[in-house]
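Novice: What follows is work16.txt, compact mmCIF, C-alpha atoms.
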```
# COMPACT_ATOMS: atom_id res chain seq x y z
CA MET A 1 0.00 0.00 0.00
CA ARG A 2 1.29 3.40 -0.92
CA ARG A 3 -1.57 5.57 0.34
CA ALA A 4 -3.44 6.05 3.59
CA LEU A 5 -6.11 8.19 5.22
CA ILE A 6 -6.13 9.41 8.81
CA PHE A 7 -9.54 10.45 10.14
CA ALA A 8 -8.86 13.67 12.05
CA ALA A 9 -11.91 15.88 11.51
CA GLY A 10 -13.99 15.14 14.61
CA ARG A 11 -14.81 17.74 17.24
CA GLY A 12 -13.80 15.48 20.15
CA GLU A 13 -16.80 16.35 22.31
CA ARG A 14 -15.89 13.77 25.00
CA MET A 15 -12.34 15.14 25.16
CA ARG A 16 -13.42 18.56 26.37
CA PRO A 17 -11.97 20.83 27.64
CA LEU A 18 -8.71 19.69 25.99
CA SER A 19 -10.26 19.50 22.51
CA GLU A 20 -11.59 23.04 22.72
CA ARG A 21 -8.06 24.30 22.05
CA THR A 22 -6.39 21.34 20.34
CA PRO A 23 -7.80 18.76 17.89
CA LYS A 24 -7.85 15.32 19.52
CA PRO A 25 -5.26 13.74 17.14
CA LEU A 26 -2.79 16.51 18.02
CA LEU A 27 -2.95 15.78 21.76
CA ALA A 28 0.19 14.10 23.08
CA ALA A 29 0.80 10.81 24.86
CA GLY A 30 4.21 9.37 25.61
CA GLY A 31 5.94 12.47 24.28
CA LYS A 32 4.33 12.40 20.82
CA ARG A 33 1.10 13.62 19.32
CA LEU A 34 -1.35 10.77 18.77
CA ILE A 35 -1.26 11.32 15.01
CA GLU A 36 2.55 11.20 15.00
CA TRP A 37 2.49 7.62 16.28
CA HIS A 38 0.41 6.77 13.19
CA LEU A 39 2.63 8.67 10.80
CA GLU A 40 5.68 6.77 12.02
CA LYS A 41 3.92 3.42 11.55
CA LEU A 42 2.63 4.37 8.10
CA ALA A 43 6.09 5.41 6.93
CA ALA A 44 7.60 2.21 8.33
CA CYS A 45 5.19 -0.02 6.39
CA GLY A 46 5.87 1.67 3.05
CA VAL A 47 3.09 4.23 2.78
CA ARG A 48 4.22 7.43 1.10
CA ASP A 49 1.09 9.58 0.63
CA VAL A 50 -1.21 10.29 3.56
CA ALA A 51 -4.51 12.18 3.33
CA ILE A 52 -5.61 13.77 6.61
CA ASN A 53 -9.20 14.97 6.73
CA THR A 54 -9.71 18.04 8.91
CA ALA A 55 -12.53 20.26 10.13
CA HIS A 56 -12.30 21.25 13.80
CA LEU A 57 -9.35 23.63 14.36
CA ALA A 58 -8.11 22.54 10.93
CA THR A 59 -5.29 25.07 10.58
CA GLN A 60 -3.41 23.47 13.46
CA PHE A 61 -2.63 20.31 11.47
CA PRO A 62 -0.34 21.77 8.78
CA GLU A 63 1.20 24.05 11.40
CA ALA A 64 2.09 21.06 13.60
CA LEU A 65 2.93 18.46 10.96
CA GLY A 66 4.29 20.38 8.00
CA ASP A 67 4.43 18.57 4.69
CA GLY A 68 5.37 15.19 6.19
CA ALA A 69 8.99 15.24 5.02
CA ARG A 70 10.31 14.51 8.53
CA TRP A 71 8.69 11.05 8.25
CA GLY A 72 9.47 10.55 4.57
CA LEU A 73 5.79 11.13 3.77
CA ARG A 74 3.74 13.49 1.63
CA LEU A 75 0.81 14.85 3.64
CA HIS A 76 -2.39 16.01 1.93
CA PHE A 77 -4.82 17.94 4.13
CA VAL A 78 -8.45 17.55 3.09
CA HIS A 79 -10.51 20.30 4.75
CA GLU A 80 -14.15 19.29 5.12
CA GLY A 81 -15.46 22.69 6.23
CA ASP A 82 -16.82 23.63 9.63
CA GLU A 83 -19.04 20.53 9.86
CA PRO A 84 -17.19 17.17 9.82
CA LEU A 85 -18.46 14.70 7.21
CA GLU A 86 -18.38 11.65 9.53
CA THR A 87 -16.28 8.62 8.63
CA GLY A 88 -18.21 7.55 5.54
CA GLY A 89 -18.56 11.03 4.12
CA GLY A 90 -14.94 11.79 4.96
CA LEU A 91 -13.77 8.67 3.18
CA LEU A 92 -15.87 9.47 0.11
CA ASN A 93 -14.59 13.05 0.07
CA ALA A 94 -10.96 11.89 0.23
CA LEU A 95 -11.21 9.22 -2.49
CA PRO A 96 -9.81 11.48 -5.25
CA LEU A 97 -6.53 11.61 -3.29
CA LEU A 98 -6.50 7.91 -2.45
CA GLY A 99 -6.71 6.55 -5.97
CA GLU A 100 -8.12 3.27 -7.22
CA ALA A 101 -5.87 0.83 -5.34
CA PRO A 102 -6.56 -0.46 -1.80
CA PHE A 103 -5.50 1.95 0.93
CA LEU A 104 -5.08 1.94 4.69
CA ALA A 105 -7.31 4.09 6.91
CA VAL A 106 -6.91 4.75 10.62
CA ASN A 107 -8.75 6.79 13.22
CA GLY A 108 -6.63 9.67 14.42
CA ASP A 109 -7.71 9.34 18.05
CA ILE A 110 -6.52 5.80 18.85
CA TRP A 111 -3.18 4.36 19.97
CA THR A 112 -1.89 0.84 19.43
CA ASP A 113 1.31 -1.18 19.37
CA PHE A 114 0.05 -3.00 16.26
CA ASP A 115 2.50 -3.09 13.35
CA PHE A 116 0.70 -1.80 10.25
CA ALA A 117 2.98 -3.99 8.12
CA ALA A 118 0.98 -6.99 9.41
CA LEU A 119 -2.03 -5.83 7.38
CA PRO A 120 -2.53 -7.25 3.88
CA ASP A 121 -1.72 -5.03 0.90
CA ALA A 122 -5.18 -5.81 -0.48
CA PRO A 123 -8.25 -7.11 1.35
CA ASP A 124 -9.92 -10.43 0.61
CA GLY A 125 -13.17 -8.68 -0.23
CA LEU A 126 -14.09 -5.03 0.10
CA ALA A 127 -12.21 -4.37 3.35
CA HIS A 128 -9.95 -5.95 5.94
CA LEU A 129 -10.61 -4.80 9.52
CA LEU A 130 -8.42 -4.97 12.60
CA LEU A 131 -10.39 -6.14 15.63
CA VAL A 132 -9.40 -6.01 19.30
CA ASP A 133 -10.70 -7.28 22.62
CA ASN A 134 -13.65 -5.26 23.89
CA PRO A 135 -12.66 -2.43 26.25
CA ALA A 136 -14.74 -1.85 29.37
CA HIS A 137 -16.48 1.16 27.82
CA HIS A 138 -17.54 -0.87 24.75
CA ALA A 139 -18.26 -4.29 26.19
CA ARG A 140 -20.74 -5.34 23.49
CA GLY A 141 -18.20 -5.07 20.67
CA ASP A 142 -18.90 -4.45 16.99
CA PHE A 143 -18.28 -7.56 14.87
CA ALA A 144 -17.55 -11.25 15.12
CA LEU A 145 -14.60 -12.96 13.44
CA ASP A 146 -15.17 -16.52 12.26
CA ALA A 147 -12.61 -19.30 11.91
CA SER A 148 -12.06 -18.54 8.21
CA GLY A 149 -11.13 -14.92 8.91
CA ARG A 150 -14.44 -13.46 7.70
CA VAL A 151 -15.91 -10.56 9.64
CA ARG A 152 -19.57 -11.07 10.55
CA ALA A 153 -22.14 -8.72 12.01
CA ASP A 154 -23.04 -11.25 14.70
CA GLY A 155 -21.46 -14.25 16.32
CA ALA A 156 -20.79 -16.02 19.58
CA SER A 157 -17.81 -13.83 20.45
CA ARG A 158 -17.90 -10.21 19.36
CA LEU A 159 -14.84 -7.97 19.12
CA THR A 160 -14.33 -4.22 18.81
CA PHE A 161 -13.34 -2.56 15.54
CA ALA A 162 -9.96 -0.95 16.19
CA GLY A 163 -10.47 1.92 13.75
CA ILE A 164 -7.79 0.48 11.46
CA GLY A 165 -8.51 -1.16 8.12
CA VAL A 166 -7.51 -1.71 4.53
CA TYR A 167 -10.24 -0.67 2.07
CA ARG A 168 -11.03 -0.96 -1.57
CA PRO A 169 -12.65 2.20 -3.00
CA GLN A 170 -15.49 -0.04 -4.21
CA LEU A 171 -16.73 -0.26 -0.62
CA LEU A 172 -18.32 3.14 -1.29
CA ASP A 173 -20.14 1.98 -4.44
CA GLY A 174 -23.88 2.29 -3.90
CA TRP A 175 -23.42 4.05 -0.58
CA ARG A 176 -26.63 6.03 -0.96
CA ALA A 177 -28.76 2.89 -1.20
CA VAL A 178 -27.27 1.69 2.08
CA ILE A 179 -27.43 5.02 3.91
CA GLY A 180 -30.90 5.90 2.66
CA ASP A 181 -32.32 9.14 4.00
CA ALA A 182 -30.06 9.38 7.05
CA PRO A 183 -29.43 12.98 8.17
CA GLY A 184 -26.65 14.54 6.11
CA ALA A 185 -26.90 12.12 3.18
CA GLU A 186 -28.37 14.83 0.94
CA ALA A 187 -25.80 17.45 1.91
CA THR A 188 -23.06 18.62 -0.46
CA PRO A 189 -20.67 16.99 0.16
CA PRO A 190 -22.66 14.19 1.82
CA ARG A 191 -22.23 13.43 5.52
CA PHE A 192 -22.71 9.86 6.76
CA LYS A 193 -21.14 7.15 8.90
CA LEU A 194 -19.04 4.30 7.56
CA ALA A 195 -20.46 1.66 9.92
CA PRO A 196 -23.63 0.92 7.89
CA LEU A 197 -21.50 0.20 4.81
CA LEU A 198 -19.29 -2.15 6.81
CA TYR A 199 -22.27 -4.03 8.23
CA ALA A 200 -23.80 -4.30 4.76
CA ALA A 201 -20.53 -5.70 3.41
CA ALA A 202 -20.30 -8.12 6.33
CA ALA A 203 -23.79 -9.39 5.58
CA ARG A 204 -22.60 -10.25 2.04
CA GLY A 205 -19.48 -12.00 3.32
CA ALA A 206 -17.30 -9.27 1.80
CA LEU A 207 -15.29 -8.34 4.90
CA ALA A 208 -12.13 -10.03 6.17
CA GLY A 209 -10.25 -9.29 9.35
CA GLN A 210 -7.78 -10.23 12.01
CA HIS A 211 -7.63 -10.11 15.80
CA HIS A 212 -4.92 -8.03 17.45
CA HIS A 213 -4.20 -9.27 20.97
CA GLY A 214 -1.78 -6.50 21.91
CA ALA A 215 -2.20 -2.97 23.25
CA TRP A 216 -4.91 -0.68 21.89
CA SER A 217 -6.66 2.37 23.28
CA ASP A 218 -9.58 4.47 22.12
CA VAL A 219 -8.29 7.78 23.44
CA GLY A 220 -11.71 9.34 23.77
CA THR A 221 -11.58 11.18 27.11
CA PRO A 222 -9.06 13.20 29.14
CA GLU A 223 -8.92 10.33 31.63
CA ARG A 224 -8.00 7.74 29.00
CA LEU A 225 -5.43 10.12 27.49
CA ALA A 226 -3.82 10.57 30.92
CA GLU A 227 -3.80 6.79 31.49
CA LEU A 228 -2.16 6.18 28.10
CA ASP A 229 0.41 8.91 28.67
CA ALA A 230 1.35 7.47 32.08
CA ARG A 231 1.66 3.96 30.63
CA LEU A 232 3.83 5.03 27.70
CA CYS A 233 6.07 7.22 29.85
CA ALA A 234 6.51 4.39 32.36
CA GLY A 235 7.42 2.02 29.53
CA ALA A 236 9.97 4.47 28.13
CA ALA A 237 11.52 4.95 31.55
CA SER A 238 11.95 1.21 32.08
CA ALA A 239 13.31 0.54 28.58
```
Could I get this file's structure written as structure tokens?
Specialist:
Amino acid sequence: MRRALIFAAGRGERMRPLSERTPKPLLAAGGKRLIEWHLEKLAACGVRDVAINTAHLATQFPEALGDGARWGLRLHFVHEGDEPLETGGGLLNALPLLGEAPFLAVNGDIWTDFDFAALPDAPDGLAHLLLVDNPAHHARGDFALDASGRVRADGASRLTFAGIGVYRPQLLDGWRAVIGDAPGAEATPPRFKLAPLLYAAAARGALAGQHHHGAWSDVGTPERLAELDARLCAGAASA
């Protein structure tokens, strides 16, 4: 994979008051901004062009990250306007920069020790999702993973979507039929969530995935950010 997308446009409502001044992906843990951990991993696995969708406090991203040269990357900032387009709308809006080949996409407000190089270059189907054990704040999970590596909407043991996946652009084909008249679907550009498209693909057996058993954090609140920062700093001190 040569291209990737980082979702970075959200307002970070649960991260207030920190997100009132700083976009969530630019908050730091372990001495680095959350998004910088991703940029390092993307560069290490061979990605060269990274689209970053922005909305909330958008001007801070190019100011903080520059053009990506320090990581050997080319960064492309995709400003969505004052109102974020959600994950599905953001992905659709960024497709012109991502091209026709499969690409990696990652949420800008997570942290993991997962090596992006362990993802396939192309999914067996429309997408390949990374799944993790369910955190306490999301005990129900999102998807099941069967013995053949197919991602299912339901199953005996559900896991949480890590916010990391490899996608084919064709996942967005026919998006309007799946989204229907959901709020924002008729906007220009359209605003909608990616989850309904993933569940629709899962129902057709078109999603593959893998289970990561290592560290992962949805850095959604100041408390979880502080916990992650303490853990990473303690690990660095003991290394």
Novice: Write out, as CSV, each residue of region 156-228 of chain A that has an atom at most 8 Å from region 127-137 of chain A, together with the closest pair of atoms and their distance in Å to one decimal, counting all atoms listed in the file, rows going by chain and rising number.
Specialist:
```
residue,atom,partner,partner_atom,distance
A:Arg158,CA,A:Asn134,CA,7.9
A:Leu159,CA,A:Asp133,CA,5.5
A:Thr160,CA,A:Asn134,CA,5.2
A:Phe161,CA,A:Leu131,CA,4.6
A:Ala162,CA,A:Leu131,CA,5.2
A:Gly163,CA,A:Leu130,CA,7.3
A:Ile164,CA,A:Leu130,CA,5.6
A:Gly165,CA,A:Leu129,CA,4.4
A:Val166,CA,A:His128,CA,5.1
A:Tyr167,CA,A:Ala127,CA,4.4
A:Arg168,CA,A:Ala127,CA,6.1
A:Leu171,CA,A:Ala127,CA,7.3
A:Ala206,CA,A:Ala127,CA,7.2
A:Leu207,CA,A:Ala127,CA,5.3
A:Ala208,CA,A:His128,CA,4.6
A:Gly209,CA,A:Leu129,CA,4.5
A:Gln210,CA,A:Leu130,CA,5.3
A:His211,CA,A:Leu131,CA,4.8
A:His212,CA,A:Val132,CA,5.3
A:His213,CA,A:Val132,CA,6.4
A:Trp216,CA,A:Val132,CA,7.4
```
Novice: Write a file of the selected residues as a PDB file, keeping the file's coordinate frame, keeping C-alpha atoms.
Specialist:
```
ATOM      1  CA  ARG A 158     -17.900 -10.210  19.360  1.00  0.00           C
ATOM      2  CA  LEU A 159     -14.840  -7.970  19.120  1.00  0.00           C
ATOM      3  CA  THR A 160     -14.330  -4.220  18.810  1.00  0.00           C
ATOM      4  CA  PHE A 161     -13.340  -2.560  15.540  1.00  0.00           C
ATOM      5  CA  ALA A 162      -9.960  -0.950  16.190  1.00  0.00           C
ATOM      6  CA  GLY A 163     -10.470   1.920  13.750  1.00  0.00           C
ATOM      7  CA  ILE A 164      -7.790   0.480  11.460  1.00  0.00           C
ATOM      8  CA  GLY A 165      -8.510  -1.160   8.120  1.00  0.00           C
ATOM      9  CA  VAL A 166      -7.510  -1.710   4.530  1.00  0.00           C
ATOM     10  CA  TYR A 167     -10.240  -0.670   2.070  1.00  0.00           C
ATOM     11  CA  ARG A 168     -11.030  -0.960  -1.570  1.00  0.00           C
ATOM     12  CA  LEU A 171     -16.730  -0.260  -0.620  1.00  0.00           C
ATOM     13  CA  ALA A 206     -17.300  -9.270   1.800  1.00  0.00           C
ATOM     14  CA  LEU A 207     -15.290  -8.340   4.900  1.00  0.00           C
ATOM     15  CA  ALA A 208     -12.130 -10.030   6.170  1.00  0.00           C
ATOM     16  CA  GLY A 209     -10.250  -9.290   9.350  1.00  0.00           C
ATOM     17  CA  GLN A 210      -7.780 -10.230  12.010  1.00  0.00           C
ATOM     18  CA  HIS A 211      -7.630 -10.110  15.800  1.00  0.00           C
ATOM     19  CA  HIS A 212      -4.920  -8.030  17.450  1.00  0.00           C
ATOM     20  CA  HIS A 213      -4.200  -9.270  20.970  1.00  0.00           C
ATOM     21  CA  TRP A 216      -4.910  -0.680  21.890  1.00  0.00           C
TER      22      TRP A 216
END
```
Novice: Of the residues A:Asp146, A:Gly141, A:Ala177, A:Gly31, which is the one nearest to Arg231 (chain A), using all atoms listed in the file?
Specialist: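 Residue with the minimum atom-to-atom distance to Arg231 (chain A): A:Gly31.
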Novice: Quick one: contact table of region 98-205 of chain A to region 59-83 of chain A, 12 Å max, nearest atom pair and distance in Å to one decimal per residue, counting all atoms listed in the file, chain and number order, as CSV?
Specialist:
```
residue,atom,partner,partner_atom,distance
A:Leu98,CA,A:His76,CA,10.1
A:Gly108,CA,A:Phe61,CA,11.7
A:Gly184,CA,A:Glu83,CA,10.4
A:Ala187,CA,A:Glu83,CA,10.9
A:Thr188,CA,A:Glu80,CA,10.5
A:Pro189,CA,A:Glu80,CA,8.5
A:Pro190,CA,A:Glu80,CA,10.5
A:Arg191,CA,A:Glu83,CA,8.9
A:Phe192,CA,A:Glu83,CA,11.7
```
Novice: Pick out the closest residue to Ile110 (chain A) from this set: A:Thr54, A:Gln170, A:Thr221, A:Thr87. Count only C-alpha atoms.
Specialist: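 Looking only at the distances to Ile110 (chain A), the closest residue turns out to be A:Thr221.
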Novice: Have a look at CA of Val106 (chain A) and CA of Asp229 (chain A) and let me know their distance in Å, one decimal.
Specialist: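 A separation of 19.9 Å between them.
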Novice: Which residues are close to Ile6 (chain A), i.e. within 10 Å by only C-alpha atoms, leaving aside same-chain residues fewer than 3 positions away? Reply as number ranges by chain.
Specialist: A: 9, 25, 35, 38-39, 50-54, 77, 90-91, 104-109, 163-164
Novice: Between CA of Ser157 (chain A) and CA of Ala202 (chain A), what distance in Å does the model show, to one decimal?
Specialist: 15.4 Å
Novice: Record the distance separating CA of Arg2 (chain A) and CA of Leu34 (chain A), expressed in Å with one decimal.
Specialist: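 Separating CA of Arg2 (chain A) from CA of Leu34 (chain A) is a distance of 21.2 Å.
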Novice: Using all atoms listed in the file for the distances, tell me which of A:Asp142, A:Glu227, A:Asp121, A:Asp218 is nearest to Gly12 (chain A).
Specialist: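 Going through A:Asp142, A:Glu227, A:Asp121, A:Asp218 one by one, the smallest distance to Gly12 (chain A) is for A:Asp218.
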Novice: List as a PyMOL selection string the protein and nucleic acid residues near Pro196 (chain A), meaning an atom at most 9 Å away when all atoms listed in the file are counted, but skip any in the same chain fewer than 5 places from it.
Specialist: chain A and resi 88+178-179+201
Novice: Can you work out which one of A:Asp173, A:Asp154, A:Gly205, A:Ala44 has the shortest atom-to-atom distance to Asp124 (chain A), counting all atoms listed in the file?
Specialist: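 Ranked by minimum distance to Asp124 (chain A), first place goes to A:Gly205.
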